[in-house]
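Dropping work-v6.pdb in here (PDB, C-alpha atoms, pLDDT in the B column):
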```pdb
ATOM      1  CA  MET M   1     -35.994 -10.954  64.513  1.00 60.00           C
ATOM      2  CA  GLU M   2     -34.803 -14.399  63.558  1.00 62.00           C
ATOM      3  CA  GLU M   3     -31.630 -15.708  65.192  1.00 62.00           C
ATOM      4  CA  LEU M   4     -28.491 -14.753  63.348  1.00 69.00           C
ATOM      5  CA  GLU M   5     -26.807 -18.014  64.371  1.00 75.00           C
ATOM      6  CA  GLY M   6     -23.607 -16.541  65.754  1.00 79.00           C
ATOM      7  CA  MET M   7     -23.508 -13.639  63.318  1.00 84.00           C
ATOM      8  CA  SER M   8     -23.373 -10.040  64.457  1.00 89.00           C
ATOM      9  CA  VAL M   9     -25.702  -7.507  62.883  1.00 89.00           C
ATOM     10  CA  ALA M  10     -22.654  -5.870  61.254  1.00 90.00           C
ATOM     11  CA  SER M  11     -21.628  -9.188  59.693  1.00 90.00           C
ATOM     12  CA  VAL M  12     -25.050  -9.380  58.038  1.00 88.00           C
ATOM     13  CA  ILE M  13     -24.424  -5.905  56.599  1.00 92.00           C
ATOM     14  CA  ASN M  14     -21.009  -7.124  55.375  1.00 92.00           C
ATOM     15  CA  LEU M  15     -22.787  -9.720  53.219  1.00 92.00           C
ATOM     16  CA  MET M  16     -24.383  -6.925  51.203  1.00 94.00           C
ATOM     17  CA  PRO M  17     -22.791  -5.462  48.054  1.00 94.00           C
ATOM     18  CA  SER M  18     -19.804  -3.185  48.657  1.00 92.00           C
ATOM     19  CA  ALA M  19     -19.072  -2.037  45.096  1.00 92.00           C
ATOM     20  CA  LYS M  20     -21.153  -0.701  42.204  1.00 91.00           C
ATOM     21  CA  GLU M  21     -20.583  -3.842  40.146  1.00 92.00           C
ATOM     22  CA  GLN M  22     -21.780  -5.972  43.044  1.00 95.00           C
ATOM     23  CA  ILE M  23     -25.024  -3.977  43.273  1.00 95.00           C
ATOM     24  CA  SER M  24     -25.922  -4.874  39.686  1.00 95.00           C
ATOM     25  CA  GLU M  25     -25.121  -8.540  40.261  1.00 96.00           C
ATOM     26  CA  PHE M  26     -27.024  -8.605  43.576  1.00 96.00           C
ATOM     27  CA  ASN M  27     -30.093  -7.055  41.930  1.00 97.00           C
ATOM     28  CA  ARG M  28     -29.852  -9.414  38.949  1.00 96.00           C
ATOM     29  CA  GLN M  29     -29.780 -12.447  41.246  1.00 97.00           C
ATOM     30  CA  LEU M  30     -32.570 -11.128  43.457  1.00 97.00           C
ATOM     31  CA  LYS M  31     -34.714 -10.437  40.390  1.00 97.00           C
ATOM     32  CA  TYR M  32     -34.042 -13.962  39.100  1.00 97.00           C
ATOM     33  CA  GLU M  33     -35.125 -15.458  42.440  1.00 97.00           C
ATOM     34  CA  LEU M  34     -38.299 -13.353  42.420  1.00 97.00           C
ATOM     35  CA  MET M  35     -39.171 -14.041  38.773  1.00 97.00           C
ATOM     36  CA  SER M  36     -38.482 -17.773  39.083  1.00 97.00           C
ATOM     37  CA  GLY M  37     -40.879 -18.056  42.003  1.00 96.00           C
ATOM     38  CA  ARG M  38     -38.220 -18.821  44.618  1.00 96.00           C
ATOM     39  CA  GLU M  39     -39.347 -15.792  46.642  1.00 96.00           C
ATOM     40  CA  GLU M  40     -42.918 -14.865  47.567  1.00 97.00           C
ATOM     41  CA  PRO M  41     -43.352 -11.375  46.018  1.00 97.00           C
ATOM     42  CA  LEU M  42     -45.138  -9.548  48.849  1.00 97.00           C
ATOM     43  CA  LYS M  43     -42.958 -11.131  51.530  1.00 97.00           C
ATOM     44  CA  LEU M  44     -39.843  -9.982  49.651  1.00 97.00           C
ATOM     45  CA  LEU M  45     -41.298  -6.488  49.203  1.00 97.00           C
ATOM     46  CA  ALA M  46     -42.036  -6.307  52.942  1.00 97.00           C
ATOM     47  CA  LYS M  47     -38.479  -7.380  53.824  1.00 96.00           C
ATOM     48  CA  LEU M  48     -37.009  -4.814  51.428  1.00 97.00           C
ATOM     49  CA  LYS M  49     -39.163  -2.076  52.975  1.00 97.00           C
ATOM     50  CA  TYR M  50     -38.019  -3.097  56.466  1.00 96.00           C
ATOM     51  CA  ILE M  51     -34.381  -2.957  55.303  1.00 96.00           C
ATOM     52  CA  GLU M  52     -34.988   0.454  53.745  1.00 97.00           C
ATOM     53  CA  LYS M  53     -36.539   1.746  57.006  1.00 97.00           C
ATOM     54  CA  CYS M  54     -33.699   0.254  59.065  1.00 96.00           C
ATOM     55  CA  VAL M  55     -31.028   1.981  57.018  1.00 96.00           C
ATOM     56  CA  SER M  56     -32.926   5.271  56.874  1.00 97.00           C
ATOM     57  CA  ASP M  57     -33.528   5.395  60.641  1.00 97.00           C
ATOM     58  CA  PHE M  58     -29.948   4.383  61.406  1.00 97.00           C
ATOM     59  CA  LEU M  59     -28.480   7.102  59.194  1.00 96.00           C
ATOM     60  CA  LYS M  60     -30.747   9.749  60.763  1.00 96.00           C
ATOM     61  CA  ASP M  61     -29.542   8.954  64.300  1.00 97.00           C
ATOM     62  CA  ASP M  62     -27.587  11.957  65.644  1.00 96.00           C
ATOM     63  CA  GLU M  63     -25.117   9.842  67.634  1.00 98.00           C
ATOM     64  CA  VAL M  64     -24.389   7.654  64.610  1.00 97.00           C
ATOM     65  CA  TYR M  65     -23.931  10.738  62.443  1.00 95.00           C
ATOM     66  CA  GLU M  66     -21.464  12.125  64.972  1.00 95.00           C
ATOM     67  CA  VAL M  67     -19.373   8.923  64.832  1.00 97.00           C
ATOM     68  CA  PHE M  68     -19.267   9.111  61.030  1.00 96.00           C
ATOM     69  CA  THR M  69     -18.328  12.793  61.166  1.00 94.00           C
ATOM     70  CA  ASP M  70     -15.586  12.109  63.736  1.00 96.00           C
ATOM     71  CA  ALA M  71     -14.189   9.371  61.477  1.00 96.00           C
ATOM     72  CA  MET M  72     -13.430  12.056  58.865  1.00 95.00           C
ATOM     73  CA  ASN M  73     -10.795  13.379  61.318  1.00 94.00           C
ATOM     74  CA  GLY M  74     -11.451  16.938  60.188  1.00 92.00           C
ATOM     75  CA  ASP M  75     -10.680  16.073  56.569  1.00 94.00           C
ATOM     76  CA  LYS M  76     -12.924  17.553  53.884  1.00 94.00           C
ATOM     77  CA  ARG M  77     -12.457  14.511  51.622  1.00 95.00           C
ATOM     78  CA  PHE M  78     -11.589  10.847  52.093  1.00 95.00           C
ATOM     79  CA  GLU M  79     -11.457   8.071  49.511  1.00 94.00           C
ATOM     80  CA  GLY M  80     -11.876   4.475  50.561  1.00 93.00           C
ATOM     81  CA  TYR M  81     -14.118   1.409  50.427  1.00 92.00           C
ATOM     82  CA  GLY M  82     -15.052   2.235  46.834  1.00 91.00           C
ATOM     83  CA  CYS M  83     -16.470   5.624  47.866  1.00 94.00           C
ATOM     84  CA  VAL M  84     -15.579   9.265  48.113  1.00 95.00           C
ATOM     85  CA  PHE M  85     -16.606  10.788  51.441  1.00 96.00           C
ATOM     86  CA  GLU M  86     -16.857  14.574  51.471  1.00 96.00           C
ATOM     87  CA  THR M  87     -17.786  16.971  54.233  1.00 93.00           C
ATOM     88  CA  ALA M  88     -20.270  19.405  52.759  1.00 91.00           C
ATOM     89  CA  GLU M  89     -22.680  22.005  54.051  1.00 87.00           C
ATOM     90  CA  THR M  90     -26.238  20.935  53.368  1.00 87.00           C
ATOM     91  CA  GLY M  91     -29.614  22.332  54.231  1.00 88.00           C
ATOM     92  CA  THR M  92     -28.669  25.999  54.587  1.00 91.00           C
ATOM     93  CA  LYS M  93     -31.723  28.080  55.494  1.00 93.00           C
ATOM     94  CA  TYR M  94     -32.264  31.804  55.289  1.00 96.00           C
ATOM     95  CA  ASP M  95     -34.992  33.714  57.125  1.00 97.00           C
ATOM     96  CA  TYR M  96     -36.201  36.391  54.717  1.00 97.00           C
ATOM     97  CA  THR M  97     -39.211  37.394  56.815  1.00 96.00           C
ATOM     98  CA  GLY M  98     -37.386  40.425  58.201  1.00 97.00           C
ATOM     99  CA  SER M  99     -37.651  42.079  54.788  1.00 97.00           C
ATOM    100  CA  SER M 100     -40.910  43.905  54.042  1.00 97.00           C
ATOM    101  CA  GLU M 101     -40.134  43.744  50.294  1.00 97.00           C
ATOM    102  CA  TRP M 102     -39.777  39.951  50.488  1.00 97.00           C
ATOM    103  CA  ASN M 103     -42.991  39.674  52.547  1.00 97.00           C
ATOM    104  CA  GLU M 104     -44.920  41.656  49.908  1.00 97.00           C
ATOM    105  CA  PHE M 105     -43.734  39.286  47.181  1.00 98.00           C
ATOM    106  CA  GLU M 106     -44.529  36.258  49.344  1.00 97.00           C
ATOM    107  CA  ASN M 107     -48.078  37.494  49.983  1.00 97.00           C
ATOM    108  CA  SER M 108     -48.599  38.159  46.268  1.00 98.00           C
ATOM    109  CA  ILE M 109     -47.311  34.702  45.391  1.00 98.00           C
ATOM    110  CA  LYS M 110     -49.620  33.066  47.960  1.00 98.00           C
ATOM    111  CA  GLU M 111     -52.602  34.948  46.557  1.00 97.00           C
ATOM    112  CA  ILE M 112     -51.757  33.913  42.989  1.00 97.00           C
ATOM    113  CA  ARG M 113     -51.238  30.274  44.091  1.00 97.00           C
ATOM    114  CA  GLU M 114     -54.689  30.283  45.739  1.00 96.00           C
ATOM    115  CA  GLN M 115     -56.229  31.621  42.515  1.00 93.00           C
ATOM    116  CA  GLN M 116     -54.362  28.969  40.537  1.00 94.00           C
ATOM    117  CA  LYS M 117     -55.645  26.194  42.839  1.00 94.00           C
ATOM    118  CA  SER M 118     -59.180  27.501  42.393  1.00 89.00           C
ATOM    119  CA  VAL M 119     -58.814  27.288  38.596  1.00 88.00           C
ATOM    120  CA  GLU M 120     -57.311  23.777  38.911  1.00 91.00           C
ATOM    121  CA  THR M 121     -60.276  22.660  41.021  1.00 88.00           C
ATOM    122  CA  ARG M 122     -62.739  23.945  38.410  1.00 85.00           C
ATOM    123  CA  LEU M 123     -60.723  22.379  35.574  1.00 88.00           C
ATOM    124  CA  LYS M 124     -60.762  18.987  37.336  1.00 88.00           C
ATOM    125  CA  THR M 125     -64.550  19.042  37.355  1.00 86.00           C
ATOM    126  CA  ALA M 126     -64.858  19.847  33.640  1.00 86.00           C
ATOM    127  CA  THR M 127     -66.448  17.020  31.663  1.00 84.00           C
ATOM    128  CA  SER M 128     -67.906  16.589  28.193  1.00 79.00           C
ATOM    129  CA  LYS M 129     -71.320  17.545  29.670  1.00 84.00           C
ATOM    130  CA  THR M 130     -70.126  20.333  31.962  1.00 85.00           C
ATOM    131  CA  PRO M 131     -67.366  22.362  30.311  1.00 86.00           C
ATOM    132  CA  TYR M 132     -65.143  24.896  32.030  1.00 84.00           C
ATOM    133  CA  VAL M 133     -65.136  28.425  30.622  1.00 86.00           C
ATOM    134  CA  ASP M 134     -61.636  29.923  30.587  1.00 86.00           C
ATOM    135  CA  SER M 135     -62.097  33.386  32.131  1.00 84.00           C
ATOM    136  CA  ILE M 136     -59.286  34.888  30.052  1.00 86.00           C
ATOM    137  CA  THR M 137     -59.951  33.479  26.578  1.00 89.00           C
ATOM    138  CA  GLY M 138     -63.637  32.543  26.931  1.00 88.00           C
ATOM    139  CA  GLU M 139     -62.723  29.116  25.552  1.00 89.00           C
ATOM    140  CA  LEU M 140     -64.870  26.135  26.566  1.00 87.00           C
ATOM    141  CA  ILE M 141     -62.742  23.353  28.006  1.00 87.00           C
ATOM    142  CA  PHE M 142     -64.374  19.915  27.955  1.00 85.00           C
ATOM    143  CA  GLY M 143     -62.288  17.966  30.442  1.00 82.00           C
ATOM    144  CA  ILE M 144     -58.547  18.032  30.816  1.00 83.00           C
ATOM    145  CA  PRO M 145     -55.979  15.292  30.190  1.00 84.00           C
ATOM    146  CA  LYS M 146     -55.157  13.280  33.280  1.00 86.00           C
ATOM    147  CA  SER M 147     -52.586  10.630  33.946  1.00 89.00           C
ATOM    148  CA  SER M 148     -51.839   8.582  37.004  1.00 91.00           C
ATOM    149  CA  ARG M 149     -49.561   5.830  38.161  1.00 92.00           C
ATOM    150  CA  SER M 150     -50.392   3.017  40.516  1.00 93.00           C
ATOM    151  CA  SER M 151     -47.987   1.454  42.934  1.00 91.00           C
ATOM    152  CA  ILE M 152     -48.159  -0.697  46.009  1.00 90.00           C
ATOM    153  CA  LYS M 153     -48.180   1.338  49.196  1.00 91.00           C
ATOM    154  CA  VAL M 154     -46.447  -0.521  52.020  1.00 92.00           C
ATOM    155  CA  THR M 155     -47.158   0.479  55.631  1.00 90.00           C
ATOM    156  CA  LEU M 156     -44.896  -1.092  58.218  1.00 89.00           C
ATOM    157  CA  LYS M 157     -46.724  -2.168  61.391  1.00 87.00           C
TER     158      LYS M 157
END
```
Could you express the structure from this file as structure tokens?
Amino acid sequence: MEELEGMSVASVINLMPSAKEQISEFNRQLKYELMSGREEPLKLLAKLKYIEKCVSDFLKDDEVYEVFTDAMNGDKRFEGYGCVFETAETGTKYDYTGSSEWNEFENSIKEIREQQKSVETRLKTATSKTPYVDSITGELIFGIPKSSRSSIKVTLK
């Protein structure tokens, strides 16, 4: 990491936008610098991915989460810093496996999903020379529509 020249890590964070309006302006300026050639595209993308990973890992840290939770002082809601902070239950899980009725449905669903995947596999191989015969309607299907999207995959080393 490059020297921060007397700056703390938190002071670097404090340079970032701290209001919705500032986010738009920050992104507009960053886009201008990229589009005008002032920033090397892949280098900027790498830095943004490192920032994204930094923030994600930091927010997943249990000790950090505990400090944030403690700062709520038991309150369910706090407004400040241009945000609304709310304590909310998330990620509730139920274990239905103790129910034989639920297990029967789950097994049926799995079986149907496997049949569906088998049909999807056959449909993917259908071409103008090798059609797929729909087992229900008897219809010949000569290839199916397909769409895809490309993006740049970034792997941090």
ask   = Between CA of Thr127 (chain M) and CA of Glu139 (chain M), what is the distance, to one decimal in Å?
value =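 Atom-to-atom, CA of Thr127 (chain M) to CA of Glu139 (chain M), that is 14.1 Å.
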ask   = Hey, what comes out of the PyMOL selection byres ((chain M and resi 86-96) around 6) on this file? Could you write it as a VMD selection string?
value = chain M and resid 76 to 77 85 97 to 99
key: Residues in the PyMOL selection byres ((chain M and resi 42-49) around 12), expressed as an NGL selection string   = :M and (1 or 27 or 30-31 or 33-35 or 37-41 or 50-56 or 152-157)
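Between CA of Gln115 (chain M) and CA of Val133 (chain M) the interatomic distance comes to 15.2 Å.
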Please give the centre and size of the box around region 75-93 of chain M (axis-aligned, containing every atom listed in the file, 3 Å added per side), with values in Å to one decimal and written as JSON.
```
{"center_x": -21.2, "center_y": 14.7, "center_z": 51.7, "size_x": 27.0, "size_y": 32.7, "size_z": 15.7}
```
If you count all atoms listed in the file, which residues fall within 12 Å of Phe26 (chain M), apart from same-chain ones fewer than 6 positions away, as a PDB file with C-alpha atoms, in the frame of the given file?
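Once everything was written out, this is selection27.pdb:
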```pdb
ATOM      1  CA  LEU M  15     -22.787  -9.720  53.219  1.00 92.00           C
ATOM      2  CA  MET M  16     -24.383  -6.925  51.203  1.00 94.00           C
ATOM      3  CA  PRO M  17     -22.791  -5.462  48.054  1.00 94.00           C
ATOM      4  CA  SER M  18     -19.804  -3.185  48.657  1.00 92.00           C
ATOM      5  CA  ALA M  19     -19.072  -2.037  45.096  1.00 92.00           C
ATOM      6  CA  LYS M  20     -21.153  -0.701  42.204  1.00 91.00           C
ATOM      7  CA  TYR M  32     -34.042 -13.962  39.100  1.00 97.00           C
ATOM      8  CA  GLU M  33     -35.125 -15.458  42.440  1.00 97.00           C
TER       9      GLU M  33
END
```
ask   = Between CA of Val9 (chain M) and CA of Phe58 (chain M), what is the distance, to one decimal in Å?
value =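 Between CA of Val9 (chain M) and CA of Phe58 (chain M) the gap works out to 12.7 Å.
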task = Between M:Met7, M:Ala71, M:Ile144, M:Val12, single out the one closest to Thr121 (chain M), counting all atoms listed in the file.
result =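 Closest candidate: M:Ile144.
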task = Rank nothing, just name the residue among M:Ser24, M:Thr130, M:Gln116, M:Thr125 nearest to Pro145 (chain M), using all atoms listed in the file.
result =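 That would be M:Thr125, the residue with the smallest distance to Pro145 (chain M).
Among the candidate residues M:Val64, M:Lys110, M:Glu104, M:Gly143, the one lying nearest to Arg122 (chain M) is M:Gly143, with distances computed using all atoms listed in the file.
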Region 92-106 of chain M rebuilt with N, CA and C atoms, output as a PDB file, in the coordinates of the input:
```
ATOM      1  N   THR M  92     -28.762  24.619  54.127  1.00 91.00           N
ATOM      2  CA  THR M  92     -28.669  25.999  54.587  1.00 91.00           C
ATOM      3  C   THR M  92     -30.033  26.668  54.462  1.00 91.00           C
ATOM      4  N   LYS M  93     -30.433  27.387  55.506  1.00 93.00           N
ATOM      5  CA  LYS M  93     -31.723  28.080  55.494  1.00 93.00           C
ATOM      6  C   LYS M  93     -31.506  29.562  55.764  1.00 93.00           C
ATOM      7  N   TYR M  94     -32.283  30.362  55.081  1.00 96.00           N
ATOM      8  CA  TYR M  94     -32.264  31.804  55.289  1.00 96.00           C
ATOM      9  C   TYR M  94     -33.651  32.237  55.741  1.00 96.00           C
ATOM     10  N   ASP M  95     -33.719  33.180  56.653  1.00 97.00           N
ATOM     11  CA  ASP M  95     -34.992  33.714  57.125  1.00 97.00           C
ATOM     12  C   ASP M  95     -35.179  35.093  56.501  1.00 97.00           C
ATOM     13  N   TYR M  96     -35.991  35.150  55.446  1.00 97.00           N
ATOM     14  CA  TYR M  96     -36.201  36.391  54.717  1.00 97.00           C
ATOM     15  C   TYR M  96     -37.315  37.247  55.315  1.00 97.00           C
ATOM     16  N   THR M  97     -38.008  36.724  56.315  1.00 96.00           N
ATOM     17  CA  THR M  97     -39.211  37.394  56.815  1.00 96.00           C
ATOM     18  C   THR M  97     -38.949  38.760  57.427  1.00 96.00           C
ATOM     19  N   GLY M  98     -37.707  39.105  57.672  1.00 97.00           N
ATOM     20  CA  GLY M  98     -37.386  40.425  58.201  1.00 97.00           C
ATOM     21  C   GLY M  98     -37.436  41.517  57.140  1.00 97.00           C
ATOM     22  N   SER M  99     -37.609  41.119  55.889  1.00 97.00           N
ATOM     23  CA  SER M  99     -37.651  42.079  54.788  1.00 97.00           C
ATOM     24  C   SER M  99     -39.093  42.329  54.365  1.00 97.00           C
ATOM     25  N   SER M 100     -39.528  43.582  54.442  1.00 97.00           N
ATOM     26  CA  SER M 100     -40.910  43.905  54.042  1.00 97.00           C
ATOM     27  C   SER M 100     -41.093  43.694  52.540  1.00 97.00           C
ATOM     28  N   GLU M 101     -40.052  43.969  51.740  1.00 97.00           N
ATOM     29  CA  GLU M 101     -40.134  43.744  50.294  1.00 97.00           C
ATOM     30  C   GLU M 101     -40.376  42.270  50.000  1.00 97.00           C
ATOM     31  N   TRP M 102     -39.621  41.397  50.681  1.00 97.00           N
ATOM     32  CA  TRP M 102     -39.777  39.951  50.488  1.00 97.00           C
ATOM     33  C   TRP M 102     -41.173  39.506  50.917  1.00 97.00           C
ATOM     34  N   ASN M 103     -41.655  40.036  52.045  1.00 97.00           N
ATOM     35  CA  ASN M 103     -42.991  39.674  52.547  1.00 97.00           C
ATOM     36  C   ASN M 103     -44.089  40.072  51.566  1.00 97.00           C
ATOM     37  N   GLU M 104     -43.936  41.232  50.911  1.00 97.00           N
ATOM     38  CA  GLU M 104     -44.920  41.656  49.908  1.00 97.00           C
ATOM     39  C   GLU M 104     -44.964  40.663  48.752  1.00 97.00           C
ATOM     40  N   PHE M 105     -43.786  40.275  48.263  1.00 98.00           N
ATOM     41  CA  PHE M 105     -43.734  39.286  47.181  1.00 98.00           C
ATOM     42  C   PHE M 105     -44.348  37.956  47.625  1.00 98.00           C
ATOM     43  N   GLU M 106     -44.014  37.529  48.836  1.00 97.00           N
ATOM     44  CA  GLU M 106     -44.529  36.258  49.344  1.00 97.00           C
ATOM     45  C   GLU M 106     -46.049  36.277  49.423  1.00 97.00           C
TER      46      GLU M 106
END
```
